[in-house]
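Step one of this worksheet: look at the structure below.
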Amino acid sequence: MKVDFLQAGQIVSVHGIRGEVKVLPWADGPEFLTAFSRVRIDGTEYAVEKCRVQKTCDLLKLRGVDTVEAAQALRGKTVEVYRADAAPEALFVSELEGMEVYAQGEKLGVLEEVLDYPGNKVYAVRGEKRYLIPAVREFILRTDVEANRMEVRLIEGMEDDAD
């Protein structure tokens, strides 16, 4: 199901004396946040004056956060981005989890977790049985966020026999 806001990371510290905050991103990489001109923190919208990558984190300068004290007050808070500002074709974990998954018109279950492995992501689907489905085009045939439905192609070995 499409959401209005996506959790993108957590403010872990202050950077410098002019109110910059250091964000530990929860996306595939820190470059993700550089595409956004606004963020939301605790229900308040902030314009992003500057965003730059520093190693595995982002340094954000937010309009209205101009002192160390103002930045410190945001420490530990979650940074959200507006779904409307993201690419329409982009899929996010928060939109996928809970999605109904079907194979050849038959409901397999609900996508309960997105596992992040080095080669690719894997969707853990729970129904009467548990399935581990690699998140690649060969197996993920169609994803409709609006309808909360995913069509997949199963092959032998995707059924998890650990249950």
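Residues are named by chain letter and number: chains run A, B, ... in the order of the structure tokens, numbers start at 1 in each chain, and ligands are numbered from 1 in the order shown.
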key: Residue contacts of Leu6 in chain A (7 Å, only C-alpha atoms) excluding same-chain residues fewer than 3 positions away, as number ranges by chain   = A: 80-83
Select from range 41-73 of chain A every residue with an atom at most 10 Å from any atom of range 11-19 of chain A, then for each give the shortest pair of atoms and their distance in Å to one decimal, using only C-alpha atoms, rows by chain and rising number, as JSON lines.
```
{"residue": "A:Ile41", "atom": "CA", "partner": "A:Ile11", "partner_atom": "CA", "distance": 9.7}
{"residue": "A:Cys57", "atom": "CA", "partner": "A:Val12", "partner_atom": "CA", "distance": 9.4}
{"residue": "A:Asp58", "atom": "CA", "partner": "A:Ile11", "partner_atom": "CA", "distance": 9.3}
{"residue": "A:Leu59", "atom": "CA", "partner": "A:His15", "partner_atom": "CA", "distance": 7.4}
{"residue": "A:Leu60", "atom": "CA", "partner": "A:Gly19", "partner_atom": "CA", "distance": 8.7}
{"residue": "A:Lys61", "atom": "CA", "partner": "A:Gly19", "partner_atom": "CA", "distance": 6.6}
{"residue": "A:Leu62", "atom": "CA", "partner": "A:Gly19", "partner_atom": "CA", "distance": 7.7}
{"residue": "A:Arg63", "atom": "CA", "partner": "A:Gly19", "partner_atom": "CA", "distance": 9.3}
{"residue": "A:Gly64", "atom": "CA", "partner": "A:Gly19", "partner_atom": "CA", "distance": 8.8}
{"residue": "A:Val65", "atom": "CA", "partner": "A:Gly19", "partner_atom": "CA", "distance": 5.3}
{"residue": "A:Asp66", "atom": "CA", "partner": "A:Gly19", "partner_atom": "CA", "distance": 4.4}
{"residue": "A:Thr67", "atom": "CA", "partner": "A:Gly19", "partner_atom": "CA", "distance": 4.4}
{"residue": "A:Val68", "atom": "CA", "partner": "A:Gly19", "partner_atom": "CA", "distance": 4.9}
{"residue": "A:Glu69", "atom": "CA", "partner": "A:Gly19", "partner_atom": "CA", "distance": 7.6}
{"residue": "A:Ala70", "atom": "CA", "partner": "A:Gly19", "partner_atom": "CA", "distance": 6.6}
{"residue": "A:Ala71", "atom": "CA", "partner": "A:Gly19", "partner_atom": "CA", "distance": 5.0}
{"residue": "A:Gln72", "atom": "CA", "partner": "A:Val14", "partner_atom": "CA", "distance": 6.0}
{"residue": "A:Ala73", "atom": "CA", "partner": "A:Val14", "partner_atom": "CA", "distance": 9.5}
```
request  = Find the residue from A:Gly127, A:Pro134, A:Gly29, A:Gly43 that sits nearest to Lys107 in chain A; use only C-alpha atoms when measuring.
outcome  =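 Using only C-alpha atoms, the shortest distance to Lys107 in chain A belongs to A:Gly127.
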query = Which parts of range 52-129 of chain A does DSSP call strand (DSSP E or B) when run on the backbone here, written out as a count of residues only?
reply = 36
Contacts of Val101 in chain A at 12 Å (only C-alpha atoms; same-chain gap of 2+ positions) as a ChimeraX atom specification = /A:96-99,103-112,123-127,130-133,139-145,147-154
I need the residues from that last selection saved to file as an mmCIF file, in the first residue's frame (with N, CA and C atoms), if you can.
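What ended up in selection-v7.cif:
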```cif
data_model
loop_
_atom_site.group_PDB
_atom_site.id
_atom_site.type_symbol
_atom_site.label_atom_id
_atom_site.label_comp_id
_atom_site.auth_asym_id
_atom_site.auth_seq_id
_atom_site.Cartn_x
_atom_site.Cartn_y
_atom_site.Cartn_z
ATOM 1 N N LEU A 96 6.069 -2.612 0.519
ATOM 2 C CA LEU A 96 6.013 -4.028 0.138
ATOM 3 C C LEU A 96 5.557 -4.932 1.281
ATOM 4 N N GLU A 97 6.017 -4.635 2.488
ATOM 5 C CA GLU A 97 5.659 -5.484 3.619
ATOM 6 C C GLU A 97 4.153 -5.432 3.855
ATOM 7 N N GLY A 98 3.550 -6.602 3.941
ATOM 8 C CA GLY A 98 2.101 -6.702 4.095
ATOM 9 C C GLY A 98 1.377 -6.906 2.769
ATOM 10 N N MET A 99 2.111 -6.856 1.665
ATOM 11 C CA MET A 99 1.518 -7.028 0.345
ATOM 12 C C MET A 99 1.125 -8.488 0.119
ATOM 13 N N ALA A 103 0.884 -16.543 -7.053
ATOM 14 C CA ALA A 103 1.598 -17.276 -8.093
ATOM 15 C C ALA A 103 0.540 -17.999 -8.919
ATOM 16 N N GLN A 104 0.502 -17.719 -10.205
ATOM 17 C CA GLN A 104 -0.475 -18.312 -11.125
ATOM 18 C C GLN A 104 -1.906 -18.157 -10.604
ATOM 19 N N GLY A 105 -2.216 -16.980 -10.088
ATOM 20 C CA GLY A 105 -3.555 -16.667 -9.619
ATOM 21 C C GLY A 105 -3.909 -17.195 -8.240
ATOM 22 N N GLU A 106 -3.032 -17.993 -7.649
ATOM 23 C CA GLU A 106 -3.283 -18.569 -6.323
ATOM 24 C C GLU A 106 -2.512 -17.784 -5.261
ATOM 25 N N LYS A 107 -3.208 -17.423 -4.189
ATOM 26 C CA LYS A 107 -2.562 -16.642 -3.134
ATOM 27 C C LYS A 107 -1.584 -17.508 -2.346
ATOM 28 N N LEU A 108 -0.323 -17.042 -2.301
ATOM 29 C CA LEU A 108 0.702 -17.738 -1.525
ATOM 30 C C LEU A 108 0.695 -17.278 -0.075
ATOM 31 N N GLY A 109 0.446 -15.997 0.125
ATOM 32 C CA GLY A 109 0.483 -15.426 1.463
ATOM 33 C C GLY A 109 0.775 -13.948 1.397
ATOM 34 N N VAL A 110 1.418 -13.461 2.439
ATOM 35 C CA VAL A 110 1.714 -12.040 2.584
ATOM 36 C C VAL A 110 3.226 -11.862 2.685
ATOM 37 N N LEU A 111 3.741 -10.850 2.025
ATOM 38 C CA LEU A 111 5.163 -10.548 2.112
ATOM 39 C C LEU A 111 5.422 -10.003 3.514
ATOM 40 N N GLU A 112 6.145 -10.774 4.315
ATOM 41 C CA GLU A 112 6.342 -10.392 5.713
ATOM 42 C C GLU A 112 7.658 -9.682 5.972
ATOM 43 N N TYR A 123 12.456 -11.752 -0.866
ATOM 44 C CA TYR A 123 11.169 -11.531 -0.220
ATOM 45 C C TYR A 123 10.754 -12.781 0.539
ATOM 46 N N ALA A 124 10.513 -12.636 1.829
ATOM 47 C CA ALA A 124 10.015 -13.729 2.664
ATOM 48 C C ALA A 124 8.494 -13.616 2.685
ATOM 49 N N VAL A 125 7.833 -14.633 2.156
ATOM 50 C CA VAL A 125 6.373 -14.655 2.042
ATOM 51 C C VAL A 125 5.837 -15.734 2.958
ATOM 52 N N ARG A 126 4.852 -15.371 3.777
ATOM 53 C CA ARG A 126 4.270 -16.317 4.732
ATOM 54 C C ARG A 126 2.791 -16.503 4.418
ATOM 55 N N GLY A 127 2.421 -17.767 4.249
ATOM 56 C CA GLY A 127 1.027 -18.168 4.081
ATOM 57 C C GLY A 127 0.895 -19.504 4.792
ATOM 58 N N ARG A 130 6.029 -21.111 3.919
ATOM 59 C CA ARG A 130 6.900 -19.940 3.831
ATOM 60 C C ARG A 130 7.728 -20.069 2.564
ATOM 61 N N TYR A 131 7.849 -18.961 1.836
ATOM 62 C CA TYR A 131 8.601 -18.934 0.589
ATOM 63 C C TYR A 131 9.667 -17.854 0.675
ATOM 64 N N LEU A 132 10.815 -18.141 0.096
ATOM 65 C CA LEU A 132 11.896 -17.164 -0.031
ATOM 66 C C LEU A 132 12.104 -16.929 -1.518
ATOM 67 N N ILE A 133 11.723 -15.731 -1.981
ATOM 68 C CA ILE A 133 11.699 -15.438 -3.408
ATOM 69 C C ILE A 133 12.693 -14.316 -3.708
ATOM 70 N N PHE A 139 11.599 -13.662 -11.302
ATOM 71 C CA PHE A 139 10.605 -14.232 -10.395
ATOM 72 C C PHE A 139 9.515 -13.240 -9.976
ATOM 73 N N ILE A 140 9.802 -11.961 -9.985
ATOM 74 C CA ILE A 140 8.806 -10.949 -9.620
ATOM 75 C C ILE A 140 8.206 -10.434 -10.926
ATOM 76 N N LEU A 141 7.015 -10.908 -11.239
ATOM 77 C CA LEU A 141 6.403 -10.609 -12.525
ATOM 78 C C LEU A 141 5.704 -9.252 -12.548
ATOM 79 N N ARG A 142 5.026 -8.912 -11.453
ATOM 80 C CA ARG A 142 4.283 -7.651 -11.414
ATOM 81 C C ARG A 142 4.089 -7.231 -9.969
ATOM 82 N N THR A 143 4.262 -5.946 -9.715
ATOM 83 C CA THR A 143 4.030 -5.385 -8.388
ATOM 84 C C THR A 143 3.110 -4.188 -8.535
ATOM 85 N N ASP A 144 1.953 -4.258 -7.894
ATOM 86 C CA ASP A 144 0.974 -3.177 -7.942
ATOM 87 C C ASP A 144 0.768 -2.658 -6.518
ATOM 88 N N VAL A 145 1.449 -1.564 -6.199
ATOM 89 C CA VAL A 145 1.392 -1.007 -4.849
ATOM 90 C C VAL A 145 -0.020 -0.541 -4.520
ATOM 91 N N ALA A 147 -2.888 -1.687 -5.587
ATOM 92 C CA ALA A 147 -3.776 -2.831 -5.345
ATOM 93 C C ALA A 147 -3.254 -3.727 -4.223
ATOM 94 N N ASN A 148 -2.041 -3.429 -3.723
ATOM 95 C CA ASN A 148 -1.410 -4.224 -2.659
ATOM 96 C C ASN A 148 -1.252 -5.686 -3.090
ATOM 97 N N ARG A 149 -0.767 -5.867 -4.332
ATOM 98 C CA ARG A 149 -0.690 -7.209 -4.905
ATOM 99 C C ARG A 149 0.607 -7.386 -5.701
ATOM 100 N N MET A 150 1.221 -8.558 -5.510
ATOM 101 C CA MET A 150 2.431 -8.922 -6.240
ATOM 102 C C MET A 150 2.209 -10.282 -6.895
ATOM 103 N N GLU A 151 2.608 -10.390 -8.164
ATOM 104 C CA GLU A 151 2.550 -11.650 -8.896
ATOM 105 C C GLU A 151 3.974 -12.180 -9.029
ATOM 106 N N VAL A 152 4.166 -13.456 -8.684
ATOM 107 C CA VAL A 152 5.498 -14.044 -8.738
ATOM 108 C C VAL A 152 5.477 -15.348 -9.520
ATOM 109 N N ARG A 153 6.660 -15.792 -9.922
ATOM 110 C CA ARG A 153 6.826 -17.103 -10.550
ATOM 111 C C ARG A 153 7.670 -17.937 -9.600
ATOM 112 N N LEU A 154 7.141 -19.076 -9.210
ATOM 113 C CA LEU A 154 7.871 -19.960 -8.295
ATOM 114 C C LEU A 154 8.631 -21.024 -9.068
#
```
key: Selected residue, from A:Lys22, A:Arg75, A:Lys2, A:Arg137, that lies nearest to Lys50 in chain A when counting only C-alpha atoms   =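 Closest candidate: A:Lys22.
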request  = Kindly give the distance, in Å, that separates CA of Val3 in chain A and CA of Ala86 in chain A, rounded to a single decimal.
outcome  = 11.5 Å
remark   = Pairwise distance, CA of Lys77 in chain A with CA of Glu20 in chain A, equals 13.9 Å
task = If you run DSSP over the backbone, which residues in range 35-131 of chain A end up alpha helix (DSSP H)? Put them as JSON, numbers by chain.
result = {"A": [68, 69, 70, 71, 72, 93, 94, 95, 96]}
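The coordinates place CA of Cys51 in chain A at 16.5 Å from CA of Asp28 in chain A.
When only C-alpha atoms are used to measure the gap to Val114 in chain A, the shortest distance among A:Glu95, A:Glu146, A:Glu156, A:Glu89 belongs to A:Glu95.
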task = Could you give me, as an MDAnalysis selection string, the residues within 10 Å of Asn120 in chain A, counting only C-alpha atoms and dropping anything in the same chain fewer than 4 positions from it?
result = chainID A and resid 115:116 134:136
Resulting file, chosen residues, N, CA and C atoms, as an mmCIF file, in the first residue's frame:
```cif
data_model
loop_
_atom_site.group_PDB
_atom_site.id
_atom_site.type_symbol
_atom_site.label_atom_id
_atom_site.label_comp_id
_atom_site.auth_asym_id
_atom_site.auth_seq_id
_atom_site.Cartn_x
_atom_site.Cartn_y
_atom_site.Cartn_z
ATOM 1 N N LEU A 115 14.511 -9.341 2.970
ATOM 2 C CA LEU A 115 15.843 -9.704 3.462
ATOM 3 C C LEU A 115 16.887 -9.118 2.516
ATOM 4 N N ASP A 116 17.919 -8.532 3.056
ATOM 5 C CA ASP A 116 18.940 -7.863 2.257
ATOM 6 C C ASP A 116 20.204 -8.719 2.228
ATOM 7 N N PRO A 134 13.715 -14.596 -4.533
ATOM 8 C CA PRO A 134 14.664 -13.547 -4.895
ATOM 9 C C PRO A 134 13.946 -12.392 -5.603
ATOM 10 N N ALA A 135 14.288 -11.185 -5.239
ATOM 11 C CA ALA A 135 13.646 -10.000 -5.809
ATOM 12 C C ALA A 135 14.332 -9.610 -7.118
ATOM 13 N N VAL A 136 14.158 -10.467 -8.115
ATOM 14 C CA VAL A 136 14.705 -10.219 -9.447
ATOM 15 C C VAL A 136 13.588 -10.398 -10.473
#
```
Residue with smallest distance to Phe92 in chain A - pool A:Met158, A:Lys121, A:Thr78, A:Glu128, counting only C-alpha atoms =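 Among the listed residues, A:Lys121 lies closest to Phe92 in chain A.
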